file structure.cif (mmCIF, C-alpha atoms)
data_upload
#
loop_
_atom_site.group_PDB
_atom_site.id
_atom_site.type_symbol
_atom_site.label_atom_id
_atom_site.label_comp_id
_atom_site.auth_asym_id
_atom_site.auth_seq_id
_atom_site.Cartn_x
_atom_site.Cartn_y
_atom_site.Cartn_z
ATOM 1 C CA MET V 1 0.414 -47.794 -47.525
ATOM 2 C CA ASP V 2 -2.764 -46.314 -46.134
ATOM 3 C CA ARG V 3 -3.221 -42.653 -46.659
ATOM 4 C CA GLY V 4 -2.382 -40.677 -43.549
ATOM 5 C CA THR V 5 0.045 -43.224 -42.114
ATOM 6 C CA ARG V 6 3.733 -43.555 -42.819
ATOM 7 C CA ALA V 7 4.847 -46.407 -40.591
ATOM 8 C CA LEU V 8 6.222 -49.496 -42.273
ATOM 9 C CA PRO V 9 5.565 -52.998 -40.969
ATOM 10 C CA GLY V 10 8.397 -54.918 -39.395
ATOM 11 C CA ARG V 11 9.168 -58.282 -37.875
ATOM 12 C CA LEU V 12 10.592 -59.007 -34.487
ATOM 13 C CA SER V 13 14.040 -60.487 -34.385
ATOM 14 C CA SER V 14 13.809 -64.263 -34.777
ATOM 15 C CA VAL V 15 16.542 -64.911 -32.194
ATOM 16 C CA ARG V 16 15.601 -66.491 -28.892
ATOM 17 C CA PRO V 17 14.741 -63.996 -26.152
ATOM 18 C CA THR V 18 17.678 -63.185 -23.873
ATOM 19 C CA VAL V 19 15.834 -61.223 -21.154
ATOM 20 C CA ASP V 20 12.482 -61.553 -19.424
ATOM 21 C CA LEU V 21 11.292 -58.068 -20.376
ATOM 22 C CA THR V 22 12.015 -55.366 -22.916
ATOM 23 C CA LEU V 23 10.417 -52.122 -21.742
ATOM 24 C CA VAL V 24 10.160 -49.270 -24.244
ATOM 25 C CA VAL V 25 9.888 -45.740 -22.843
ATOM 26 C CA PRO V 26 8.832 -43.465 -25.734
ATOM 27 C CA PHE V 27 9.233 -39.727 -25.260
ATOM 28 C CA TYR V 28 8.850 -36.454 -27.103
ATOM 29 C CA ASN V 29 10.047 -33.235 -25.452
ATOM 30 C CA PRO V 30 9.297 -34.458 -21.905
ATOM 31 C CA GLY V 31 11.390 -31.814 -20.180
ATOM 32 C CA ALA V 32 13.595 -32.123 -17.135
ATOM 33 C CA GLY V 33 11.443 -34.774 -15.466
ATOM 34 C CA LEU V 34 12.554 -37.530 -17.842
ATOM 35 C CA HIS V 35 15.757 -38.294 -15.922
ATOM 36 C CA ASP V 36 14.067 -38.939 -12.573
ATOM 37 C CA TYR V 37 11.218 -40.889 -14.138
ATOM 38 C CA LEU V 38 13.496 -43.152 -16.152
ATOM 39 C CA GLY V 39 15.674 -43.672 -13.095
ATOM 40 C CA ARG V 40 12.634 -44.743 -11.102
ATOM 41 C CA VAL V 41 11.609 -47.174 -13.857
ATOM 42 C CA LEU V 42 15.056 -48.772 -13.687
ATOM 43 C CA ASP V 43 14.915 -49.009 -9.900
ATOM 44 C CA VAL V 44 11.510 -50.702 -9.963
ATOM 45 C CA LEU V 45 12.570 -53.241 -12.582
ATOM 46 C CA GLU V 46 15.772 -53.985 -10.651
ATOM 47 C CA SER V 47 13.768 -54.632 -7.491
ATOM 48 C CA THR V 48 11.646 -57.319 -9.162
ATOM 49 C CA GLY V 49 14.599 -59.627 -9.815
ATOM 50 C CA ILE V 50 13.762 -60.194 -13.484
ATOM 51 C CA THR V 51 16.204 -59.816 -16.349
ATOM 52 C CA TYR V 52 15.333 -56.783 -18.430
ATOM 53 C CA GLU V 53 16.373 -54.081 -20.839
ATOM 54 C CA VAL V 54 14.960 -50.565 -21.111
ATOM 55 C CA LEU V 55 14.893 -48.823 -24.473
ATOM 56 C CA ALA V 56 14.317 -45.083 -24.165
ATOM 57 C CA VAL V 57 13.119 -43.955 -27.598
ATOM 58 C CA SER V 58 13.218 -40.274 -28.482
ATOM 59 C CA ASP V 59 10.514 -39.498 -31.024
ATOM 60 C CA GLY V 60 12.450 -36.628 -32.585
ATOM 61 C CA SER V 61 12.745 -34.626 -29.346
ATOM 62 C CA THR V 62 14.124 -31.110 -29.696
ATOM 63 C CA ASP V 63 14.241 -29.999 -26.051
ATOM 64 C CA GLY V 64 17.615 -31.531 -25.164
ATOM 65 C CA SER V 65 16.019 -34.204 -22.980
ATOM 66 C CA GLU V 66 18.071 -36.942 -24.637
ATOM 67 C CA SER V 67 21.269 -35.558 -23.099
ATOM 68 C CA THR V 68 19.784 -35.464 -19.580
ATOM 69 C CA ILE V 69 19.690 -39.260 -19.295
ATOM 70 C CA ALA V 70 23.284 -39.902 -20.384
ATOM 71 C CA ASP V 71 24.318 -41.056 -16.910
ATOM 72 C CA LEU V 72 21.564 -43.730 -16.906
ATOM 73 C CA LEU V 73 22.675 -45.392 -20.125
ATOM 74 C CA ASP V 74 24.487 -48.716 -19.776
ATOM 75 C CA ASP V 75 23.961 -52.345 -20.694
ATOM 76 C CA ARG V 76 20.505 -52.319 -19.091
ATOM 77 C CA CYS V 77 19.295 -49.034 -20.594
ATOM 78 C CA ARG V 78 19.827 -47.813 -24.159
ATOM 79 C CA LEU V 79 18.783 -44.693 -26.039
ATOM 80 C CA LEU V 80 17.276 -44.919 -29.518
ATOM 81 C CA THR V 81 16.726 -41.690 -31.434
ATOM 82 C CA LEU V 82 14.295 -41.100 -34.294
ATOM 83 C CA PRO V 83 15.272 -38.251 -36.651
ATOM 84 C CA ARG V 84 11.865 -36.581 -36.542
ATOM 85 C CA ASN V 85 8.632 -36.681 -34.607
ATOM 86 C CA THR V 86 6.334 -39.317 -36.127
ATOM 87 C CA GLY V 87 4.147 -40.492 -33.269
ATOM 88 C CA LYS V 88 4.162 -42.610 -30.140
ATOM 89 C CA GLY V 89 3.239 -45.754 -32.050
ATOM 90 C CA GLN V 90 6.263 -45.504 -34.286
ATOM 91 C CA ALA V 91 8.543 -44.906 -31.287
ATOM 92 C CA VAL V 92 7.149 -48.003 -29.557
ATOM 93 C CA ARG V 93 7.471 -50.053 -32.751
ATOM 94 C CA THR V 94 11.123 -49.005 -33.091
ATOM 95 C CA GLY V 95 11.872 -50.388 -29.642
ATOM 96 C CA PHE V 96 9.890 -53.569 -30.171
ATOM 97 C CA LEU V 97 11.757 -54.424 -33.376
ATOM 98 C CA VAL V 98 15.116 -54.587 -31.593
ATOM 99 C CA GLY V 99 13.883 -55.869 -28.237
ATOM 100 C CA ALA V 100 15.136 -59.177 -26.851
ATOM 101 C CA GLY V 101 12.444 -59.813 -24.232
ATOM 102 C CA THR V 102 10.067 -62.701 -23.698
ATOM 103 C CA TYR V 103 7.600 -59.933 -22.912
ATOM 104 C CA LEU V 104 7.818 -56.570 -24.619
ATOM 105 C CA GLY V 105 6.012 -53.552 -23.281
ATOM 106 C CA PHE V 106 5.948 -49.813 -22.922
ATOM 107 C CA ILE V 107 5.160 -47.098 -20.422
ATOM 108 C CA ASP V 108 4.629 -43.446 -21.251
ATOM 109 C CA ALA V 109 7.401 -41.131 -20.109
ATOM 110 C CA ASP V 110 5.237 -38.141 -19.175
ATOM 111 C CA GLY V 111 5.042 -39.164 -15.518
ATOM 112 C CA ASP V 112 1.253 -39.508 -15.314
ATOM 113 C CA LEU V 113 1.660 -43.218 -14.543
ATOM 114 C CA PRO V 114 3.868 -43.952 -11.511
ATOM 115 C CA ALA V 115 6.707 -46.332 -12.338
ATOM 116 C CA ASP V 116 5.885 -48.387 -9.239
ATOM 117 C CA LEU V 117 2.874 -49.973 -10.950
ATOM 118 C CA LEU V 118 5.285 -51.963 -13.156
ATOM 119 C CA ALA V 119 5.926 -54.316 -10.233
ATOM 120 C CA ASN V 120 2.288 -55.454 -10.279
ATOM 121 C CA PHE V 121 2.439 -56.026 -14.039
ATOM 122 C CA ILE V 122 5.548 -58.156 -13.710
ATOM 123 C CA GLU V 123 4.082 -60.188 -10.846
ATOM 124 C CA ARG V 124 0.993 -60.997 -12.926
ATOM 125 C CA ALA V 125 3.112 -61.850 -15.972
ATOM 126 C CA ARG V 126 5.047 -64.322 -13.824
ATOM 127 C CA SER V 127 2.003 -65.937 -12.246
ATOM 128 C CA ASP V 128 -0.501 -66.039 -15.112
ATOM 129 C CA ARG V 129 1.571 -65.804 -18.319
ATOM 130 C CA PRO V 130 -1.188 -63.880 -20.144
ATOM 131 C CA GLU V 131 -0.783 -62.794 -23.726
ATOM 132 C CA ILE V 132 -1.351 -59.098 -23.007
ATOM 133 C CA LEU V 133 -1.366 -57.113 -19.761
ATOM 134 C CA LEU V 134 -2.898 -53.668 -19.962
ATOM 135 C CA GLY V 135 -3.442 -50.810 -17.596
ATOM 136 C CA SER V 136 -6.998 -49.498 -17.500
ATOM 137 C CA LYS V 137 -8.380 -46.266 -16.138
ATOM 138 C CA ARG V 138 -11.775 -47.970 -16.037
ATOM 139 C CA HIS V 139 -10.678 -50.840 -13.791
ATOM 140 C CA PRO V 140 -12.613 -50.738 -10.489
ATOM 141 C CA GLY V 141 -9.325 -50.553 -8.584
ATOM 142 C CA SER V 142 -7.942 -47.589 -10.525
ATOM 143 C CA VAL V 143 -7.481 -44.182 -8.925
ATOM 144 C CA VAL V 144 -7.844 -41.566 -11.626
ATOM 145 C CA HIS V 145 -8.478 -37.840 -11.444
ATOM 146 C CA TYR V 146 -9.231 -36.450 -14.862
ATOM 147 C CA PRO V 147 -11.584 -33.861 -16.321
ATOM 148 C CA PRO V 148 -15.225 -34.675 -17.104
ATOM 149 C CA THR V 149 -14.651 -33.979 -20.794
ATOM 150 C CA ARG V 150 -11.829 -36.523 -20.845
ATOM 151 C CA ARG V 151 -13.998 -39.046 -19.024
ATOM 152 C CA LEU V 152 -16.795 -38.504 -21.561
ATOM 153 C CA TYR V 153 -14.361 -38.929 -24.436
ATOM 154 C CA SER V 154 -13.058 -42.198 -22.957
ATOM 155 C CA TRP V 155 -16.570 -43.566 -22.507
ATOM 156 C CA GLY V 156 -17.598 -42.583 -26.038
ATOM 157 C CA PHE V 157 -14.485 -44.094 -27.558
ATOM 158 C CA GLN V 158 -15.089 -47.369 -25.712
ATOM 159 C CA LEU V 159 -18.612 -47.565 -27.144
ATOM 160 C CA LEU V 160 -17.268 -46.860 -30.633
ATOM 161 C CA VAL V 161 -14.650 -49.609 -30.317
ATOM 162 C CA LEU V 162 -17.266 -52.058 -29.025
ATOM 163 C CA GLY V 163 -19.642 -51.237 -31.853
ATOM 164 C CA LEU V 164 -17.098 -51.395 -34.673
ATOM 165 C CA PHE V 165 -14.883 -54.252 -33.533
ATOM 166 C CA HIS V 166 -16.880 -56.079 -30.801
ATOM 167 C CA LEU V 167 -13.753 -55.587 -28.720
ATOM 168 C CA HIS V 168 -14.479 -55.981 -25.017
ATOM 169 C CA VAL V 169 -11.553 -53.939 -23.717
ATOM 170 C CA ARG V 170 -12.630 -51.171 -21.392
ATOM 171 C CA ASP V 171 -9.620 -48.949 -22.010
ATOM 172 C CA THR V 172 -7.331 -49.434 -25.000
ATOM 173 C CA GLN V 173 -5.390 -46.188 -24.581
ATOM 174 C CA THR V 174 -3.772 -46.054 -21.123
ATOM 175 C CA GLY V 175 -0.028 -45.865 -21.660
ATOM 176 C CA VAL V 176 1.274 -49.045 -20.040
ATOM 177 C CA LYS V 177 1.132 -52.520 -21.573
ATOM 178 C CA LEU V 178 3.127 -55.758 -21.640
ATOM 179 C CA ILE V 179 2.746 -58.107 -24.618
ATOM 180 C CA ARG V 180 4.055 -61.628 -24.965
ATOM 181 C CA ARG V 181 6.599 -62.029 -27.739
ATOM 182 C CA ASP V 182 4.604 -64.527 -29.797
ATOM 183 C CA VAL V 183 1.669 -62.111 -29.942
ATOM 184 C CA LEU V 184 3.820 -59.298 -31.287
ATOM 185 C CA ALA V 185 5.576 -61.614 -33.713
ATOM 186 C CA THR V 186 2.187 -62.352 -35.242
ATOM 187 C CA VAL V 187 0.577 -58.905 -35.301
ATOM 188 C CA LEU V 188 3.397 -56.372 -35.608
ATOM 189 C CA PRO V 189 4.153 -57.103 -39.294
ATOM 190 C CA LEU V 190 0.557 -56.125 -40.112
ATOM 191 C CA MET V 191 0.356 -52.971 -38.000
ATOM 192 C CA ARG V 192 0.343 -49.605 -39.759
ATOM 193 C CA GLU V 193 -0.649 -46.992 -37.183
ATOM 194 C CA GLU V 194 2.126 -44.825 -35.788
ATOM 195 C CA GLY V 195 0.173 -42.501 -33.513
ATOM 196 C CA PHE V 196 -2.111 -43.147 -30.548
ATOM 197 C CA ALA V 197 -4.254 -45.590 -32.550
ATOM 198 C CA PHE V 198 -1.314 -48.013 -32.372
ATOM 199 C CA ASP V 199 -2.802 -49.421 -29.147
ATOM 200 C CA LEU V 200 -6.240 -50.019 -30.645
ATOM 201 C CA GLU V 201 -4.747 -51.662 -33.724
ATOM 202 C CA LEU V 202 -2.740 -53.982 -31.481
ATOM 203 C CA PHE V 203 -5.868 -55.212 -29.692
ATOM 204 C CA VAL V 204 -7.890 -55.568 -32.898
ATOM 205 C CA LEU V 205 -5.205 -57.702 -34.534
ATOM 206 C CA ALA V 206 -4.512 -59.750 -31.407
ATOM 207 C CA ARG V 207 -8.174 -60.751 -31.211
ATOM 208 C CA ARG V 208 -8.315 -61.363 -34.966
ATOM 209 C CA TYR V 209 -5.481 -63.884 -34.731
ATOM 210 C CA GLY V 210 -6.747 -65.728 -31.696
ATOM 211 C CA PHE V 211 -4.981 -64.094 -28.763
ATOM 212 C CA GLY V 212 -7.582 -63.589 -26.073
ATOM 213 C CA ARG V 213 -5.839 -64.057 -22.732
ATOM 214 C CA LEU V 214 -5.812 -60.458 -21.531
ATOM 215 C CA VAL V 215 -5.261 -59.233 -17.984
ATOM 216 C CA GLU V 216 -6.542 -55.769 -17.166
ATOM 217 C CA LEU V 217 -4.799 -54.091 -14.227
ATOM 218 C CA PRO V 218 -5.584 -50.958 -12.230
ATOM 219 C CA VAL V 219 -3.561 -47.772 -12.558
ATOM 220 C CA VAL V 220 -3.077 -44.636 -10.520
ATOM 221 C CA ILE V 221 -3.119 -41.306 -12.321
ATOM 222 C CA ASN V 222 -2.979 -38.541 -9.768
ATOM 223 C CA GLN V 223 0.024 -36.386 -10.608
ATOM 224 C CA ARG V 224 -0.879 -34.018 -13.407
ATOM 225 C CA PHE V 225 -3.675 -35.393 -15.581
ATOM 226 C CA LYS V 226 -4.611 -32.015 -17.011
ATOM 227 C CA SER V 227 -4.591 -32.573 -20.746
ATOM 228 C CA THR V 228 -7.811 -31.947 -22.630
ATOM 229 C CA VAL V 229 -9.219 -33.542 -25.720
ATOM 230 C CA SER V 230 -9.340 -31.045 -28.570
ATOM 231 C CA VAL V 231 -11.699 -31.306 -31.498
ATOM 232 C CA ARG V 232 -8.652 -31.947 -33.677
ATOM 233 C CA THR V 233 -7.487 -34.834 -31.466
ATOM 234 C CA ALA V 234 -10.937 -36.414 -31.420
ATOM 235 C CA ALA V 235 -11.229 -36.069 -35.197
ATOM 236 C CA GLN V 236 -7.832 -37.691 -35.698
ATOM 237 C CA MET V 237 -8.723 -40.631 -33.467
ATOM 238 C CA LEU V 238 -11.990 -41.069 -35.348
ATOM 239 C CA ALA V 239 -10.125 -41.063 -38.672
ATOM 240 C CA ASP V 240 -7.561 -43.564 -37.379
ATOM 241 C CA THR V 241 -10.277 -45.834 -36.004
ATOM 242 C CA THR V 242 -12.126 -45.701 -39.320
ATOM 243 C CA ARG V 243 -8.966 -46.719 -41.174
ATOM 244 C CA ILE V 244 -8.516 -49.725 -38.900
ATOM 245 C CA PHE V 245 -12.152 -50.716 -39.499
ATOM 246 C CA LEU V 246 -11.716 -50.440 -43.279
ATOM 247 C CA ARG V 247 -8.583 -52.576 -43.193
ATOM 248 C CA CYS V 248 -10.551 -55.221 -41.309
ATOM 249 C CA HIS V 249 -13.683 -55.280 -43.454
ATOM 250 C CA LEU V 250 -13.074 -53.611 -46.813
ATOM 251 C CA THR V 251 -9.454 -53.684 -47.988
ATOM 252 C CA ARG V 252 -8.702 -56.897 -46.027
ATOM 253 C CA ALA V 253 -5.229 -55.481 -45.364
ATOM 254 C CA TYR V 254 -5.025 -57.485 -42.149
ATOM 255 C CA ASP V 255 -5.515 -60.833 -43.902
ATOM 256 C CA ARG V 256 -2.723 -63.216 -44.806
ATOM 257 C CA PRO V 257 -2.792 -66.835 -45.992
ATOM 258 C CA ASP V 258 -0.826 -68.279 -43.082
ATOM 259 C CA PRO V 259 -0.509 -66.225 -39.886
ATOM 260 C CA ALA V 260 1.973 -68.752 -38.474
ATOM 261 C CA TRP V 261 4.814 -67.443 -40.654
ATOM 262 C CA ALA V 262 5.390 -64.455 -38.361
ATOM 263 C CA VAL V 263 5.742 -66.653 -35.294
ATOM 264 C CA THR V 264 8.151 -69.091 -36.930
ATOM 265 C CA GLY V 265 10.148 -66.345 -38.644
ATOM 266 C CA GLU V 266 9.618 -67.917 -42.044
ATOM 267 C CA GLY V 267 8.374 -65.895 -44.990
ATOM 268 C CA PRO V 268 4.905 -66.361 -46.475
#
call {"tool": "encode", "arguments": {"input": "structure.cif", "output": "structure tokens"}}
result
Amino acid sequence: MDRGTRALPGRLSSVRPTVDLTLVVPFYNPGAGLHDYLGRVLDVLESTGITYEVLAVSDGSTDGSESTIADLLDDRCRLLTLPRNTGKGQAVRTGFLVGAGTYLGFIDADGDLPADLLANFIERARSDRPEILLGSKRHPGSVVHYPPTRRLYSWGFQLLVLGLFHLHVRDTQTGVKLIRRDVLATVLPLMREEGFAFDLELFVLARRYGFGRLVELPVVINQRFKSTVSVRTAAQMLADTTRIFLRCHLTRAYDRPDPAWAVTGEGP
């Protein structure tokens, strides 16, 4: 295990998918707004006509938010609870490992991203069948209001990712993505990050194992984008990114003799 990370690798269930989409909604102390946001997510998915399941994953929340969504839980929406706060990546991984979707994805529960944008993601998944669909603040069609310091951080991080990994993804970190099941079956067993670097690690491994059909979609962030990037946050992201680079080029932790074993469900 790499120093500074605790997440363990895991494999997707080898059973055939039973729904079109598994959507994970990770949350940590989101407050009273979680109920309305999750309800809107369910309404949007229902309107698309696909088969789906929503997995709301509490990352060790302590604010009582888990109890506020009790009336939304049924056969289409389940609650998974982690005993302590470990990071968004680990919450997403927890949902992915039990998901039954042909596509598996996630959307952040903080309300910055309107649930309505999921309809566009699903339409593109139906029409193009890409391997990964990702929301991007840097897409020309995006409408984003965020502080200059955050914009500078995003630009700098993109240059770092391009330089270290030659990864031509304009925005790895926006909190909405859909991933085809075969992609996750291949890369998830190798993933170690449990925080916000989970997204970057996903893209690095997807490219490493030959998955290049990405669709970048616009997002709208106009509700309350008021978070700032602290020196501590930037330092943590730099450390996480460095670890991913070292796994790629020094420790070779992302190598395996036969990458097909994860897709077939057979051991190495």
call {"tool": "closest_residue", "arguments": {"input": "structure.cif", "among": "V:Gly210, V:Gly163, V:Pro30, V:Gly95", "to": "V:Gly10", "atoms": "only C-alpha atoms"}}
result
V:Gly95
call {"tool": "atom_distance", "arguments": {"input": "structure.cif", "atom1": "atom CA of V:Asp75", "atom2": "atom CA of V:Gly101"}}
result
14.2 Å
call {"tool": "residues_around", "arguments": {"input": "structure.cif", "residues": "V:Gly175", "least_positions_apart": "6", "cutoff": "9 Å", "atoms": "all atoms listed in the file", "output": "list of chain:residue names"}}
result
V:Phe106, V:Ile107, V:Asp108, V:Ala109, V:Leu113, V:Leu134, V:Gly135, V:Ser136, V:Asp199
call {"tool": "closest_residue", "arguments": {"input": "structure.cif", "among": "V:Val215, V:Pro17, V:Arg40, V:Arg192", "to": "V:Arg124", "atoms": "all atoms listed in the file"}}
result
V:Val215
call {"tool": "resolve_selection", "arguments": {"input": "structure.cif", "expression": "the PyMOL selection byres ((chain V and resi 176) around 12)", "output": "NGL selection string"}}
result
:V and (23-26 or 92 or 104-118 or 120-122 or 132-137 or 171-175 or 177-179 or 199 or 216-221)
call {"tool": "atom_distance", "arguments": {"input": "structure.cif", "atom1": "atom CA of V:Gln236", "atom2": "atom CA of V:Phe157"}}
result
12.3 Å
call {"tool": "residues_around", "arguments": {"input": "structure.cif", "residues": "V:Tyr28", "least_positions_apart": "4", "cutoff": "8 Å", "atoms": "all atoms listed in the file", "output": "ChimeraX atom specification"}}
result
/V:58-62,85
call {"tool": "axis_aligned_box", "arguments": {"input": "structure.cif", "around": "stretch 60-76 of chain V", "padding_each_side": "4 Å", "output": "AutoDock Vina command-line options"}}
result
--center_x 18.5 --center_y -41.2 --center_z -24.7 --size_x 20.0 --size_y 30.3 --size_z 23.7
call {"tool": "resolve_selection", "arguments": {"input": "structure.cif", "expression": "the PyMOL selection byres ((chain V and resi 213) around 8)", "output": "compact mmCIF listing (two decimals) with C-alpha atoms, keeping the file's coordinate frame"}}
result
# COMPACT_ATOMS: atom_id res chain seq x y z
CA PRO V 130 -1.19 -63.88 -20.14
CA GLU V 131 -0.78 -62.79 -23.73
CA ILE V 132 -1.35 -59.10 -23.01
CA PHE V 211 -4.98 -64.09 -28.76
CA GLY V 212 -7.58 -63.59 -26.07
CA LEU V 214 -5.81 -60.46 -21.53
CA VAL V 215 -5.26 -59.23 -17.98
call {"tool": "resolve_selection", "arguments": {"input": "structure.cif", "expression": "the PyMOL selection byres ((chain V and resi 96) around 12)", "output": "JSON, numbers by chain"}}
result
{"V": [9, 10, 11, 12, 13, 21, 22, 23, 24, 25, 26, 53, 54, 55, 56, 57, 80, 89, 90, 91, 92, 93, 94, 95, 97, 98, 99, 100, 101, 102, 103, 104, 105, 106, 178, 179, 180, 181, 183, 184, 185, 187, 188, 189]}
call {"tool": "write_last_selection", "arguments": {"input": "structure.cif", "atoms": "C-alpha atoms", "output": "mmCIF file, in the frame of the given file"}}
result
data_model
loop_
_atom_site.group_PDB
_atom_site.id
_atom_site.type_symbol
_atom_site.label_atom_id
_atom_site.label_comp_id
_atom_site.auth_asym_id
_atom_site.auth_seq_id
_atom_site.Cartn_x
_atom_site.Cartn_y
_atom_site.Cartn_z
ATOM 1 C CA PRO V 9 5.565 -52.998 -40.969
ATOM 2 C CA GLY V 10 8.397 -54.918 -39.395
ATOM 3 C CA ARG V 11 9.168 -58.282 -37.875
ATOM 4 C CA LEU V 12 10.592 -59.007 -34.487
ATOM 5 C CA SER V 13 14.040 -60.487 -34.385
ATOM 6 C CA LEU V 21 11.292 -58.068 -20.376
ATOM 7 C CA THR V 22 12.015 -55.366 -22.916
ATOM 8 C CA LEU V 23 10.417 -52.122 -21.742
ATOM 9 C CA VAL V 24 10.160 -49.270 -24.244
ATOM 10 C CA VAL V 25 9.888 -45.740 -22.843
ATOM 11 C CA PRO V 26 8.832 -43.465 -25.734
ATOM 12 C CA GLU V 53 16.373 -54.081 -20.839
ATOM 13 C CA VAL V 54 14.960 -50.565 -21.111
ATOM 14 C CA LEU V 55 14.893 -48.823 -24.473
ATOM 15 C CA ALA V 56 14.317 -45.083 -24.165
ATOM 16 C CA VAL V 57 13.119 -43.955 -27.598
ATOM 17 C CA LEU V 80 17.276 -44.919 -29.518
ATOM 18 C CA GLY V 89 3.239 -45.754 -32.050
ATOM 19 C CA GLN V 90 6.263 -45.504 -34.286
ATOM 20 C CA ALA V 91 8.543 -44.906 -31.287
ATOM 21 C CA VAL V 92 7.149 -48.003 -29.557
ATOM 22 C CA ARG V 93 7.471 -50.053 -32.751
ATOM 23 C CA THR V 94 11.123 -49.005 -33.091
ATOM 24 C CA GLY V 95 11.872 -50.388 -29.642
ATOM 25 C CA LEU V 97 11.757 -54.424 -33.376
ATOM 26 C CA VAL V 98 15.116 -54.587 -31.593
ATOM 27 C CA GLY V 99 13.883 -55.869 -28.237
ATOM 28 C CA ALA V 100 15.136 -59.177 -26.851
ATOM 29 C CA GLY V 101 12.444 -59.813 -24.232
ATOM 30 C CA THR V 102 10.067 -62.701 -23.698
ATOM 31 C CA TYR V 103 7.600 -59.933 -22.912
ATOM 32 C CA LEU V 104 7.818 -56.570 -24.619
ATOM 33 C CA GLY V 105 6.012 -53.552 -23.281
ATOM 34 C CA PHE V 106 5.948 -49.813 -22.922
ATOM 35 C CA LEU V 178 3.127 -55.758 -21.640
ATOM 36 C CA ILE V 179 2.746 -58.107 -24.618
ATOM 37 C CA ARG V 180 4.055 -61.628 -24.965
ATOM 38 C CA ARG V 181 6.599 -62.029 -27.739
ATOM 39 C CA VAL V 183 1.669 -62.111 -29.942
ATOM 40 C CA LEU V 184 3.820 -59.298 -31.287
ATOM 41 C CA ALA V 185 5.576 -61.614 -33.713
ATOM 42 C CA VAL V 187 0.577 -58.905 -35.301
ATOM 43 C CA LEU V 188 3.397 -56.372 -35.608
ATOM 44 C CA PRO V 189 4.153 -57.103 -39.294
#
call {"tool": "closest_residue", "arguments": {"input": "structure.cif", "among": "V:Val19, V:Leu34, V:Val231, V:Leu159", "to": "V:Ala70", "atoms": "all atoms listed in the file"}}
result
V:Leu34
